[in-house]
>>> print(open('model11.cif').read())   # mmCIF, C-alpha atoms (C1' of nucleotides)
data_upload
#
loop_
_atom_site.group_PDB
_atom_site.id
_atom_site.type_symbol
_atom_site.label_atom_id
_atom_site.label_comp_id
_atom_site.auth_asym_id
_atom_site.auth_seq_id
_atom_site.Cartn_x
_atom_site.Cartn_y
_atom_site.Cartn_z
ATOM 1 C CA MET A 1 95.465 126.932 69.389
ATOM 2 C CA SER A 2 96.489 123.359 70.067
ATOM 3 C CA GLN A 3 94.042 120.513 70.346
ATOM 4 C CA PHE A 4 94.866 120.362 74.045
ATOM 5 C CA CYS A 5 93.840 123.959 74.649
ATOM 6 C CA GLU A 6 90.598 123.295 72.842
ATOM 7 C CA GLN A 7 89.937 120.214 74.940
ATOM 8 C CA LEU A 8 90.475 122.247 78.087
ATOM 9 C CA LYS A 9 88.302 125.118 76.913
ATOM 10 C CA THR A 10 85.496 122.749 76.009
ATOM 11 C CA ALA A 11 85.744 121.256 79.485
ATOM 12 C CA GLY A 12 85.593 124.748 80.974
ATOM 13 C CA LEU A 13 89.034 124.448 82.551
ATOM 14 C CA PRO A 14 91.534 127.317 82.780
ATOM 15 C CA LEU A 15 94.590 126.853 80.537
ATOM 16 C CA THR A 16 97.728 126.509 82.592
ATOM 17 C CA THR A 17 101.138 125.635 81.240
ATOM 18 C CA HIS A 18 101.420 122.566 83.436
ATOM 19 C CA ARG A 19 97.976 121.250 82.619
ATOM 20 C CA ILE A 20 98.578 121.551 78.875
ATOM 21 C CA ALA A 21 101.946 119.839 79.297
ATOM 22 C CA ILE A 22 100.341 116.879 81.070
ATOM 23 C CA LEU A 23 97.700 116.459 78.368
ATOM 24 C CA GLU A 24 100.362 116.699 75.699
ATOM 25 C CA PHE A 25 102.579 114.152 77.420
ATOM 26 C CA MET A 26 99.668 111.742 77.779
ATOM 27 C CA ALA A 27 98.736 112.074 74.106
ATOM 28 C CA ASP A 28 102.276 111.163 73.071
ATOM 29 C CA ASN A 29 102.691 108.390 75.580
ATOM 30 C CA HIS A 30 100.514 105.324 75.411
ATOM 31 C CA SER A 31 102.354 103.328 78.075
ATOM 32 C CA HIS A 32 99.700 104.125 80.705
ATOM 33 C CA PRO A 33 102.045 106.082 82.987
ATOM 34 C CA SER A 34 101.548 106.574 86.713
ATOM 35 C CA ALA A 35 101.497 109.955 88.458
ATOM 36 C CA GLU A 36 105.129 109.384 89.398
ATOM 37 C CA ASP A 37 106.057 108.589 85.776
ATOM 38 C CA ILE A 38 104.403 111.776 84.577
ATOM 39 C CA TYR A 39 106.112 113.787 87.281
ATOM 40 C CA SER A 40 109.536 112.316 86.455
ATOM 41 C CA ALA A 41 109.148 113.072 82.773
ATOM 42 C CA LEU A 42 107.780 116.590 83.103
ATOM 43 C CA HIS A 43 109.592 118.039 86.032
ATOM 44 C CA GLN A 44 112.773 117.898 83.969
ATOM 45 C CA LYS A 45 111.336 120.225 81.332
ATOM 46 C CA PHE A 46 109.383 122.324 83.806
ATOM 47 C CA ASP A 47 111.639 122.174 86.800
ATOM 48 C CA SER A 48 109.122 124.177 88.759
ATOM 49 C CA MET A 49 106.442 121.500 88.413
ATOM 50 C CA SER A 50 105.744 119.737 91.686
ATOM 51 C CA LYS A 51 104.308 116.288 92.236
ATOM 52 C CA MET A 52 101.266 117.917 93.804
ATOM 53 C CA THR A 53 100.497 119.711 90.574
ATOM 54 C CA VAL A 54 100.565 116.383 88.780
ATOM 55 C CA TYR A 55 98.182 114.815 91.304
ATOM 56 C CA ASN A 56 95.858 117.825 91.245
ATOM 57 C CA ASN A 57 95.725 117.966 87.478
ATOM 58 C CA LEU A 58 95.235 114.244 87.013
ATOM 59 C CA GLN A 59 92.255 114.442 89.345
ATOM 60 C CA THR A 60 90.816 117.415 87.489
ATOM 61 C CA LEU A 61 91.391 115.890 84.065
ATOM 62 C CA VAL A 62 89.808 112.583 85.065
ATOM 63 C CA SER A 63 86.789 114.409 86.507
ATOM 64 C CA SER A 64 86.401 116.275 83.231
ATOM 65 C CA LYS A 65 86.787 112.992 81.352
ATOM 66 C CA LEU A 66 89.819 114.153 79.405
ATOM 67 C CA LEU A 67 91.767 111.262 80.918
ATOM 68 C CA GLN A 68 90.840 107.869 82.276
ATOM 69 C CA GLU A 69 92.154 106.364 85.486
ATOM 70 C CA ILE A 70 93.105 102.684 85.365
ATOM 71 C CA ASP A 71 93.298 100.794 88.649
ATOM 72 C CA ILE A 72 94.611 97.514 87.286
ATOM 73 C CA ASP A 73 97.912 98.008 89.101
ATOM 74 C CA LYS A 74 97.333 97.627 92.828
ATOM 75 C CA GLU A 75 100.465 99.583 93.634
ATOM 76 C CA LYS A 76 99.446 102.829 91.994
ATOM 77 C CA ALA A 77 96.946 104.423 89.643
ATOM 78 C CA ARG A 78 97.808 104.527 85.955
ATOM 79 C CA TYR A 79 96.379 106.928 83.385
ATOM 80 C CA ASP A 80 95.168 106.676 79.809
ATOM 81 C CA CYS A 81 94.314 109.428 77.336
ATOM 82 C CA ILE A 82 91.859 107.158 75.528
ATOM 83 C CA THR A 83 88.591 107.823 77.324
ATOM 84 C CA ALA A 84 86.285 105.676 75.194
ATOM 85 C CA THR A 85 85.385 102.435 76.976
ATOM 86 C CA HIS A 86 88.001 99.784 76.369
ATOM 87 C CA HIS A 87 89.821 97.235 78.477
ATOM 88 C CA HIS A 88 93.316 96.407 79.660
ATOM 89 C CA PHE A 89 95.825 93.616 79.951
ATOM 90 C CA TYR A 90 98.372 93.786 82.770
ATOM 91 C CA CYS A 91 101.597 91.823 82.497
ATOM 92 C CA ASN A 92 102.486 90.338 85.867
ATOM 93 C CA VAL A 93 106.132 90.136 84.795
ATOM 94 C CA CYS A 94 107.026 93.497 83.245
ATOM 95 C CA LYS A 95 104.010 95.391 84.639
ATOM 96 C CA LYS A 96 103.238 96.944 81.274
ATOM 97 C CA ILE A 97 99.607 97.638 80.444
ATOM 98 C CA TYR A 98 98.200 96.898 76.986
ATOM 99 C CA ASP A 99 94.940 98.158 75.533
ATOM 100 C CA VAL A 100 92.420 95.456 74.748
ATOM 101 C CA ALA A 101 89.507 95.684 72.334
ATOM 102 C CA LEU A 102 86.901 93.305 73.692
ATOM 103 C CA GLU A 103 83.586 92.706 71.991
ATOM 104 C CA CYS A 104 80.859 91.707 74.376
ATOM 105 C CA PRO A 105 77.227 92.560 73.726
ATOM 106 C CA ASN A 106 76.314 92.131 77.389
ATOM 107 C CA LEU A 107 78.646 94.953 78.340
ATOM 108 C CA ASN A 108 76.404 97.518 76.722
ATOM 109 C CA HIS A 109 73.504 97.230 79.127
ATOM 110 C CA GLU A 110 72.694 100.308 81.145
ATOM 111 C CA THR A 111 71.476 98.272 84.056
ATOM 112 C CA MET A 112 72.344 94.859 85.474
ATOM 113 C CA ASP A 113 70.306 93.089 88.150
ATOM 114 C CA GLY A 114 68.670 96.456 88.764
ATOM 115 C CA HIS A 115 71.968 98.284 89.321
ATOM 116 C CA ALA A 116 72.637 101.362 87.183
ATOM 117 C CA ILE A 117 75.961 100.903 85.403
ATOM 118 C CA GLU A 118 78.043 104.031 84.914
ATOM 119 C CA SER A 119 81.312 102.475 83.818
ATOM 120 C CA VAL A 120 82.963 99.148 83.148
ATOM 121 C CA GLN A 121 86.581 98.062 83.451
ATOM 122 C CA GLY A 122 87.749 94.728 82.112
ATOM 123 C CA TYR A 123 91.091 93.739 83.584
ATOM 124 C CA PHE A 124 93.089 90.817 82.174
ATOM 125 C CA PHE A 125 96.165 89.483 83.963
ATOM 126 C CA GLY A 126 98.909 87.207 82.734
ATOM 127 C CA THR A 127 102.206 87.226 80.861
ATOM 128 C CA CYS A 128 102.501 89.498 77.845
ATOM 129 C CA ARG A 129 103.768 88.357 74.444
ATOM 130 C CA GLU A 130 107.139 90.037 74.930
ATOM 131 C CA CYS A 131 107.776 88.387 78.289
ATOM 132 C CA ARG A 132 106.643 85.019 76.924
ATOM 133 C CA ALA A 133 109.112 85.299 74.043
ATOM 134 C CA GLY A 134 111.967 86.636 76.164
ATOM 135 C CA MET B 1 86.189 67.039 110.028
ATOM 136 C CA SER B 2 84.680 70.246 108.684
ATOM 137 C CA GLN B 3 84.714 71.182 105.039
ATOM 138 C CA PHE B 4 87.169 73.942 105.912
ATOM 139 C CA CYS B 5 89.685 71.519 107.388
ATOM 140 C CA GLU B 6 89.401 69.393 104.288
ATOM 141 C CA GLN B 7 89.952 72.397 102.043
ATOM 142 C CA LEU B 8 93.084 73.265 103.986
ATOM 143 C CA LYS B 9 94.394 69.713 103.973
ATOM 144 C CA THR B 10 93.845 69.443 100.236
ATOM 145 C CA ALA B 11 95.795 72.664 99.803
ATOM 146 C CA GLY B 12 98.575 71.260 101.981
ATOM 147 C CA LEU B 13 98.194 73.967 104.609
ATOM 148 C CA PRO B 14 98.563 73.367 108.356
ATOM 149 C CA LEU B 15 95.275 73.638 110.273
ATOM 150 C CA THR B 16 95.324 76.524 112.677
ATOM 151 C CA THR B 17 92.371 77.783 114.673
ATOM 152 C CA HIS B 18 92.604 81.243 113.188
ATOM 153 C CA ARG B 19 92.885 80.055 109.614
ATOM 154 C CA ILE B 20 89.841 77.826 109.948
ATOM 155 C CA ALA B 21 87.927 80.685 111.549
ATOM 156 C CA ILE B 22 88.712 82.983 108.633
ATOM 157 C CA LEU B 23 87.569 80.410 106.069
ATOM 158 C CA GLU B 24 84.410 79.778 108.060
ATOM 159 C CA PHE B 25 83.659 83.479 108.370
ATOM 160 C CA MET B 26 84.142 83.966 104.635
ATOM 161 C CA ALA B 27 81.836 81.084 103.787
ATOM 162 C CA ASP B 28 79.067 82.616 105.899
ATOM 163 C CA ASN B 29 79.633 86.143 104.726
ATOM 164 C CA HIS B 30 79.093 87.064 101.112
ATOM 165 C CA SER B 31 79.460 90.820 101.559
ATOM 166 C CA HIS B 32 83.037 90.759 100.213
ATOM 167 C CA PRO B 33 84.673 91.950 103.442
ATOM 168 C CA SER B 34 88.017 93.697 103.694
ATOM 169 C CA ALA B 35 90.898 92.551 105.899
ATOM 170 C CA GLU B 36 89.792 95.125 108.454
ATOM 171 C CA ASP B 37 86.192 93.810 108.382
ATOM 172 C CA ILE B 38 87.393 90.271 108.954
ATOM 173 C CA TYR B 39 89.648 91.382 111.773
ATOM 174 C CA SER B 40 86.848 93.352 113.457
ATOM 175 C CA ALA B 41 84.479 90.417 113.292
ATOM 176 C CA LEU B 42 86.888 87.732 114.443
ATOM 177 C CA HIS B 43 89.046 89.394 117.003
ATOM 178 C CA GLN B 44 85.970 89.614 119.242
ATOM 179 C CA LYS B 45 85.587 85.832 119.320
ATOM 180 C CA PHE B 46 89.310 85.167 119.289
ATOM 181 C CA ASP B 47 90.615 88.107 121.221
ATOM 182 C CA SER B 48 94.135 86.899 120.679
ATOM 183 C CA MET B 49 93.851 87.227 116.885
ATOM 184 C CA SER B 50 95.919 90.094 115.550
ATOM 185 C CA LYS B 51 95.445 92.017 112.347
ATOM 186 C CA MET B 52 98.726 90.574 111.117
ATOM 187 C CA THR B 53 97.324 87.082 111.334
ATOM 188 C CA VAL B 54 94.417 88.170 109.170
ATOM 189 C CA TYR B 55 96.734 89.686 106.560
ATOM 190 C CA ASN B 56 99.041 86.661 106.604
ATOM 191 C CA ASN B 57 96.220 84.182 106.249
ATOM 192 C CA LEU B 58 94.425 86.098 103.525
ATOM 193 C CA GLN B 59 97.628 86.083 101.527
ATOM 194 C CA THR B 60 98.134 82.370 102.082
ATOM 195 C CA LEU B 61 94.521 81.505 101.292
ATOM 196 C CA VAL B 62 94.541 83.563 98.097
ATOM 197 C CA SER B 63 97.795 81.911 96.993
ATOM 198 C CA SER B 64 96.224 78.514 97.560
ATOM 199 C CA LYS B 65 93.139 79.641 95.673
ATOM 200 C CA LEU B 66 90.796 79.050 98.593
ATOM 201 C CA LEU B 67 89.845 82.731 98.446
ATOM 202 C CA GLN B 68 89.826 85.361 95.738
ATOM 203 C CA GLU B 69 91.090 88.902 96.114
ATOM 204 C CA ILE B 70 88.954 91.652 94.573
ATOM 205 C CA ASP B 71 90.602 94.981 93.843
ATOM 206 C CA ILE B 72 87.510 96.864 92.725
ATOM 207 C CA ASP B 73 87.716 99.122 95.767
ATOM 208 C CA LYS B 74 90.701 101.415 95.419
ATOM 209 C CA GLU B 75 90.821 102.036 99.148
ATOM 210 C CA LYS B 76 91.425 98.460 100.200
ATOM 211 C CA ALA B 77 91.379 94.865 99.033
ATOM 212 C CA ARG B 78 88.160 92.900 99.443
ATOM 213 C CA TYR B 79 87.847 89.120 99.573
ATOM 214 C CA ASP B 80 85.461 86.527 98.161
ATOM 215 C CA CYS B 81 85.131 82.846 98.974
ATOM 216 C CA ILE B 82 83.796 82.120 95.493
ATOM 217 C CA THR B 83 86.913 81.347 93.509
ATOM 218 C CA ALA B 84 85.318 80.400 90.194
ATOM 219 C CA THR B 85 85.672 83.204 87.650
ATOM 220 C CA HIS B 86 82.876 85.718 87.997
ATOM 221 C CA HIS B 87 82.601 89.477 88.048
ATOM 222 C CA HIS B 88 81.621 92.293 90.353
ATOM 223 C CA PHE B 89 79.517 95.407 90.619
ATOM 224 C CA TYR B 90 80.685 98.166 92.969
ATOM 225 C CA CYS B 91 78.186 100.701 94.267
ATOM 226 C CA ASN B 92 79.787 104.140 94.325
ATOM 227 C CA VAL B 93 77.255 105.232 96.960
ATOM 228 C CA CYS B 94 77.143 102.483 99.606
ATOM 229 C CA LYS B 95 80.381 100.779 98.517
ATOM 230 C CA LYS B 96 78.781 97.345 98.589
ATOM 231 C CA ILE B 97 80.025 94.768 96.101
ATOM 232 C CA TYR B 98 77.606 92.496 94.238
ATOM 233 C CA ASP B 99 78.449 89.339 92.337
ATOM 234 C CA VAL B 100 77.750 89.498 88.628
ATOM 235 C CA ALA B 101 77.239 86.572 86.285
ATOM 236 C CA LEU B 102 78.398 87.801 82.907
ATOM 237 C CA GLU B 103 78.272 85.653 79.806
ATOM 238 C CA CYS B 104 80.877 86.578 77.253
ATOM 239 C CA PRO B 105 82.357 84.009 74.903
ATOM 240 C CA ASN B 106 85.418 86.171 74.244
ATOM 241 C CA LEU B 107 86.378 85.983 77.896
ATOM 242 C CA ASN B 108 87.251 82.323 77.599
ATOM 243 C CA HIS B 109 90.264 82.694 75.352
ATOM 244 C CA GLU B 110 93.572 81.583 76.785
ATOM 245 C CA THR B 111 95.471 84.152 74.822
ATOM 246 C CA MET B 112 94.683 87.627 73.524
ATOM 247 C CA ASP B 113 96.877 89.539 71.092
ATOM 248 C CA GLY B 114 99.568 86.984 71.948
ATOM 249 C CA HIS B 115 99.376 87.605 75.697
ATOM 250 C CA ALA B 116 98.770 84.580 77.929
ATOM 251 C CA ILE B 117 95.724 85.254 80.080
ATOM 252 C CA GLU B 118 95.815 83.829 83.594
ATOM 253 C CA SER B 119 92.838 85.611 85.102
ATOM 254 C CA VAL B 120 90.117 88.094 84.279
ATOM 255 C CA GLN B 121 88.288 90.579 86.456
ATOM 256 C CA GLY B 122 85.234 92.435 85.187
ATOM 257 C CA TYR B 123 84.487 95.471 87.329
ATOM 258 C CA PHE B 124 81.218 97.380 86.954
ATOM 259 C CA PHE B 125 80.685 100.726 88.698
ATOM 260 C CA GLY B 126 77.508 102.666 89.333
ATOM 261 C CA THR B 127 74.608 102.953 91.756
ATOM 262 C CA CYS B 128 73.107 99.756 93.118
ATOM 263 C CA ARG B 129 69.398 98.977 93.102
ATOM 264 C CA GLU B 130 69.045 99.674 96.819
ATOM 265 C CA CYS B 131 70.670 103.096 96.610
ATOM 266 C CA ARG B 132 68.604 103.957 93.530
ATOM 267 C CA ALA B 133 65.401 103.088 95.378
ATOM 268 C CA GLY B 134 66.390 104.755 98.629
ATOM 269 C "C1'" DG C 1 90.135 141.490 91.493
ATOM 270 C "C1'" DT C 2 88.685 136.689 92.239
ATOM 271 C "C1'" DG C 3 88.685 131.931 91.902
ATOM 272 C "C1'" DG C 4 91.140 128.386 90.693
ATOM 273 C "C1'" DC C 5 96.200 126.638 90.477
ATOM 274 C "C1'" DT C 6 100.694 125.709 92.605
ATOM 275 C "C1'" DG C 7 103.743 123.528 95.801
ATOM 276 C "C1'" DC C 8 105.564 122.763 100.382
ATOM 277 C "C1'" DA C 9 105.282 120.057 104.499
ATOM 278 C "C1'" DA C 10 102.758 117.147 107.276
ATOM 279 C "C1'" DA C 11 99.205 113.615 107.748
ATOM 280 C "C1'" DT C 12 96.747 109.425 106.337
ATOM 281 C "C1'" DC C 13 96.116 104.694 105.970
ATOM 282 C "C1'" DA C 14 96.214 100.023 103.993
ATOM 283 C "C1'" DT C 15 99.648 96.943 103.707
ATOM 284 C "C1'" DT C 16 104.516 95.052 104.353
ATOM 285 C "C1'" DT C 17 108.684 93.854 106.828
ATOM 286 C "C1'" DG C 18 111.701 92.084 110.595
ATOM 287 C "C1'" DC C 19 111.935 89.393 114.236
ATOM 288 C "C1'" DA C 20 111.158 86.795 118.563
ATOM 289 C "C1'" DT C 21 107.938 83.524 120.382
ATOM 290 C "C1'" DA C 22 104.491 79.864 120.006
ATOM 291 C "C1'" DT C 23 102.152 76.185 117.664
ATOM 292 C "C1'" DA C 24 101.169 72.324 114.060
ATOM 293 C "C1'" DC C 25 102.538 67.912 112.691
ATOM 294 C "C1'" DG D 1 112.468 68.828 116.152
ATOM 295 C "C1'" DT D 2 111.504 71.611 112.260
ATOM 296 C "C1'" DA D 3 108.807 74.384 109.538
ATOM 297 C "C1'" DT D 4 105.312 77.373 109.722
ATOM 298 C "C1'" DA D 5 102.087 80.618 112.204
ATOM 299 C "C1'" DT D 6 101.526 84.414 115.285
ATOM 300 C "C1'" DG D 7 101.703 89.211 116.694
ATOM 301 C "C1'" DC D 8 104.158 93.289 118.030
ATOM 302 C "C1'" DA D 9 106.308 97.498 116.511
ATOM 303 C "C1'" DA D 10 108.254 100.017 112.966
ATOM 304 C "C1'" DA D 11 108.616 101.042 108.013
ATOM 305 C "C1'" DT D 12 106.715 101.766 103.450
ATOM 306 C "C1'" DG D 13 104.690 104.414 99.894
ATOM 307 C "C1'" DA D 14 100.998 106.245 97.134
ATOM 308 C "C1'" DT D 15 97.859 109.626 97.836
ATOM 309 C "C1'" DT D 16 95.439 113.423 100.566
ATOM 310 C "C1'" DT D 17 95.024 117.579 103.269
ATOM 311 C "C1'" DG D 18 95.857 122.370 104.854
ATOM 312 C "C1'" DC D 19 97.374 126.440 103.644
ATOM 313 C "C1'" DA D 20 100.061 130.471 101.806
ATOM 314 C "C1'" DG D 21 101.255 132.703 97.652
ATOM 315 C "C1'" DC D 22 100.619 132.920 92.432
ATOM 316 C "C1'" DC D 23 98.508 132.941 87.867
ATOM 317 C "C1'" DA D 24 94.641 132.745 84.397
ATOM 318 C "C1'" DC D 25 91.008 135.391 82.801
#
>>> encode(input="model11.cif", output="C-alpha cells")
Amino acid sequence: MSQFCEQLKTAGLPLTTHRIAILEFMADNHSHPSAEDIYSALHQKFDSMSKMTVYNNLQTLVSSKLLQEIDIDKEKARYDCITATHHHFYCNVCKKIYDVALECPNLNHETMDGHAIESVQGYFFGTCRECRAG
Amino acid sequence: MSQFCEQLKTAGLPLTTHRIAILEFMADNHSHPSAEDIYSALHQKFDSMSKMTVYNNLQTLVSSKLLQEIDIDKEKARYDCITATHHHFYCNVCKKIYDVALECPNLNHETMDGHAIESVQGYFFGTCRECRAG
DNA sequence: GTGGCTGCAAATCATTTGCATATAC
DNA sequence: GTATATGCAAATGATTTGCAGCCAC
C-alpha cells in the first residue's frame, strides 16, 4: 500500500482513485500549484476527472491536514503538501512561490494579546533570484 | 489645510472630495474595513459616491502608500491606514482583524535565499480574546 | 446497502474593464 | 484645456451550491 493510501486511511478518508492521484501529484510537485494547475495536469491522465472533484478533494485534504492552503496569491488559492508550519516568498514577476524557513522565537507563542493562535502564515513579496538575474 | 490634503499633495494626487473623505474615514476607523464597508459608510454622507469610486481610490491610495491592503481575509481585501510594516491577527469567529506588533530580527533582511524582499505580511489566525471570553 | 464521492450546470460575489461625462488644477 | 476622477453597466473568474447518479467499504 502506498504512502498516500496510508495517509488517507490514517485520516479516516475513503480511498478513491482521484484522491490518491491528487496526493501523489502534490508530493511530486513542489511548485505550489493552484486548483486549476492540478486539474490541468490530472485530467489528462484521468480524463474523467472534473474540476469539481479537484475542488472537493482539495477542501477535504486541507481539512484533514494532509495539504496546506496558501493564500499568498490574491488571484487564486495555491496548495502545498508540506503541512508543517513554514513560510512563503511570492515573486511579483513570475508568480512562483518559494518555501521559506524563518526562525522567529516569537512565532511559537500559543497566545498573543490574549488571542488564541491556531496558525501562522508569513508571506514575503518581492522579486525572486531568477527574475533578478534574468 | 487638513492633514489629509497634505498627504495627498505630497503624494502628487489631485484633491477630490471623495478621496479626502476616504482618507478621513480610514484615519478614524481602525477596524480594517473592506471596500464594501467603506462604501456603506460613506455613500450615506455623499450619496453621489459610487462603489467604483471607492475601488478606484483605494487602488490609488495603496499605490501611493497612503493606505495598506491586507489580504488576510480570503473573501475580500481589507484596508489599513497604518502603512508602517506590522502584522495582523484574524479571528476565525468574528472575522475582526487586530494589529500585531511582532519583533523578529530576521524579518528585517532585504534579501532571503537570494530573493529581493519588498514587503512582508505576517498573518495570524485563531480565536480572538473577545470570542474566547464570550 | 449507505454514506461519501463525482461531475454537470447554474449561481455567487468581489473586483475589473470600457467608456462617456464631470471635475481638479 | 488637459489629465484625471467619477459612475454606470457589463464582464471576469475563482470558487460554491444543488442535485442526480456512482463508487468505496
>>> atom_distance(input="model11.cif", atom1="C1' of DA20 (chain D)", atom2="CA of Ala77 (chain A)")
28.9 Å
>>> residues_around(input="model11.cif", residues="Ile72 (chain A)", least_positions_apart="3", cutoff="8 Å", atoms="all atoms listed in the file", output="JSON, numbers by chain")
{"A": [77, 78, 88, 90, 123]}
>>> write_last_selection(input="model11.cif", atoms="C-alpha atoms", output="short mmCIF file (atom, residue, chain, number, x, y, z; two decimals), keeping the file's coordinate frame")
data_model
loop_
_atom_site.label_atom_id
_atom_site.label_comp_id
_atom_site.auth_asym_id
_atom_site.auth_seq_id
_atom_site.Cartn_x
_atom_site.Cartn_y
_atom_site.Cartn_z
CA ALA A 77 96.95 104.42 89.64
CA ARG A 78 97.81 104.53 85.96
CA HIS A 88 93.32 96.41 79.66
CA TYR A 90 98.37 93.79 82.77
CA TYR A 123 91.09 93.74 83.58
#
>>> atom_distance(input="model11.cif", atom1="CA of His30 (chain B)", atom2="CA of Lys45 (chain B)")
19.4 Å
>>> resolve_selection(input="model11.cif", expression="the PyMOL selection byres ((chain A) within 9 of (chain C))", output="PDB file with C-alpha atoms, in the frame of the given file")
ATOM      1  CA  PRO A  14      91.534 127.317  82.780  1.00  0.00           C
ATOM      2  CA  THR A  16      97.728 126.509  82.592  1.00  0.00           C
ATOM      3  CA  SER A  48     109.122 124.177  88.759  1.00  0.00           C
ATOM      4  CA  MET A  49     106.442 121.500  88.413  1.00  0.00           C
ATOM      5  CA  SER A  50     105.744 119.737  91.686  1.00  0.00           C
ATOM      6  CA  LYS A  51     104.308 116.288  92.236  1.00  0.00           C
ATOM      7  CA  MET A  52     101.266 117.917  93.804  1.00  0.00           C
ATOM      8  CA  THR A  53     100.497 119.711  90.574  1.00  0.00           C
ATOM      9  CA  ASN A  56      95.858 117.825  91.245  1.00  0.00           C
TER      10      ASN A  56
END
>>> resolve_selection(input="model11.cif", expression="the PyMOL selection byres ((chain B) within 12 of (chain A))", output="MDAnalysis selection string")
chainID B and resid 69:77 85:93 96:133
>>> resolve_selection(input="model11.cif", expression="the PyMOL selection byres ((chain D) within 10 of (chain B))", output="PDB file with C-alpha atoms (C1' of nucleotides), keeping the file's coordinate frame")
ATOM      1  C1'  DT D   4     105.312  77.373 109.722  1.00  0.00           C
ATOM      2  C1'  DA D   5     102.087  80.618 112.204  1.00  0.00           C
ATOM      3  C1'  DT D   6     101.526  84.414 115.285  1.00  0.00           C
ATOM      4  C1'  DG D   7     101.703  89.211 116.694  1.00  0.00           C
ATOM      5  C1'  DC D   8     104.158  93.289 118.030  1.00  0.00           C
TER       6       DC D   8
END
>>> axis_aligned_box(input="model11.cif", around="region 125-134 of chain B", padding_each_side="8 Å", output="JSON")
{"center_x": 73.0, "center_y": 101.9, "center_z": 93.7, "size_x": 31.3, "size_y": 21.8, "size_z": 25.9}
>>> atom_distance(input="model11.cif", atom1="CA of Glu6 (chain B)", atom2="CA of Asp28 (chain B)")
16.9 Å
>>> closest_residue(input="model11.cif", among="B:Tyr79, B:Ala21, B:Cys94, B:Asn29", to="Gln44 (chain B)", atoms="all atoms listed in the file")
B:Ala21
>>> residues_around(input="model11.cif", residues="Leu67 (chain A)", least_positions_apart="2", cutoff="10 Å", atoms="all atoms listed in the file", output="MDAnalysis selection string")
chainID A and resid 23 26:27 58:65 69:70 79:84
>>> closest_residue(input="model11.cif", among="B:Ala11, B:Gln68, B:Gly134, B:Gln3", to="Pro33 (chain B)", atoms="all atoms listed in the file")
B:Gln68
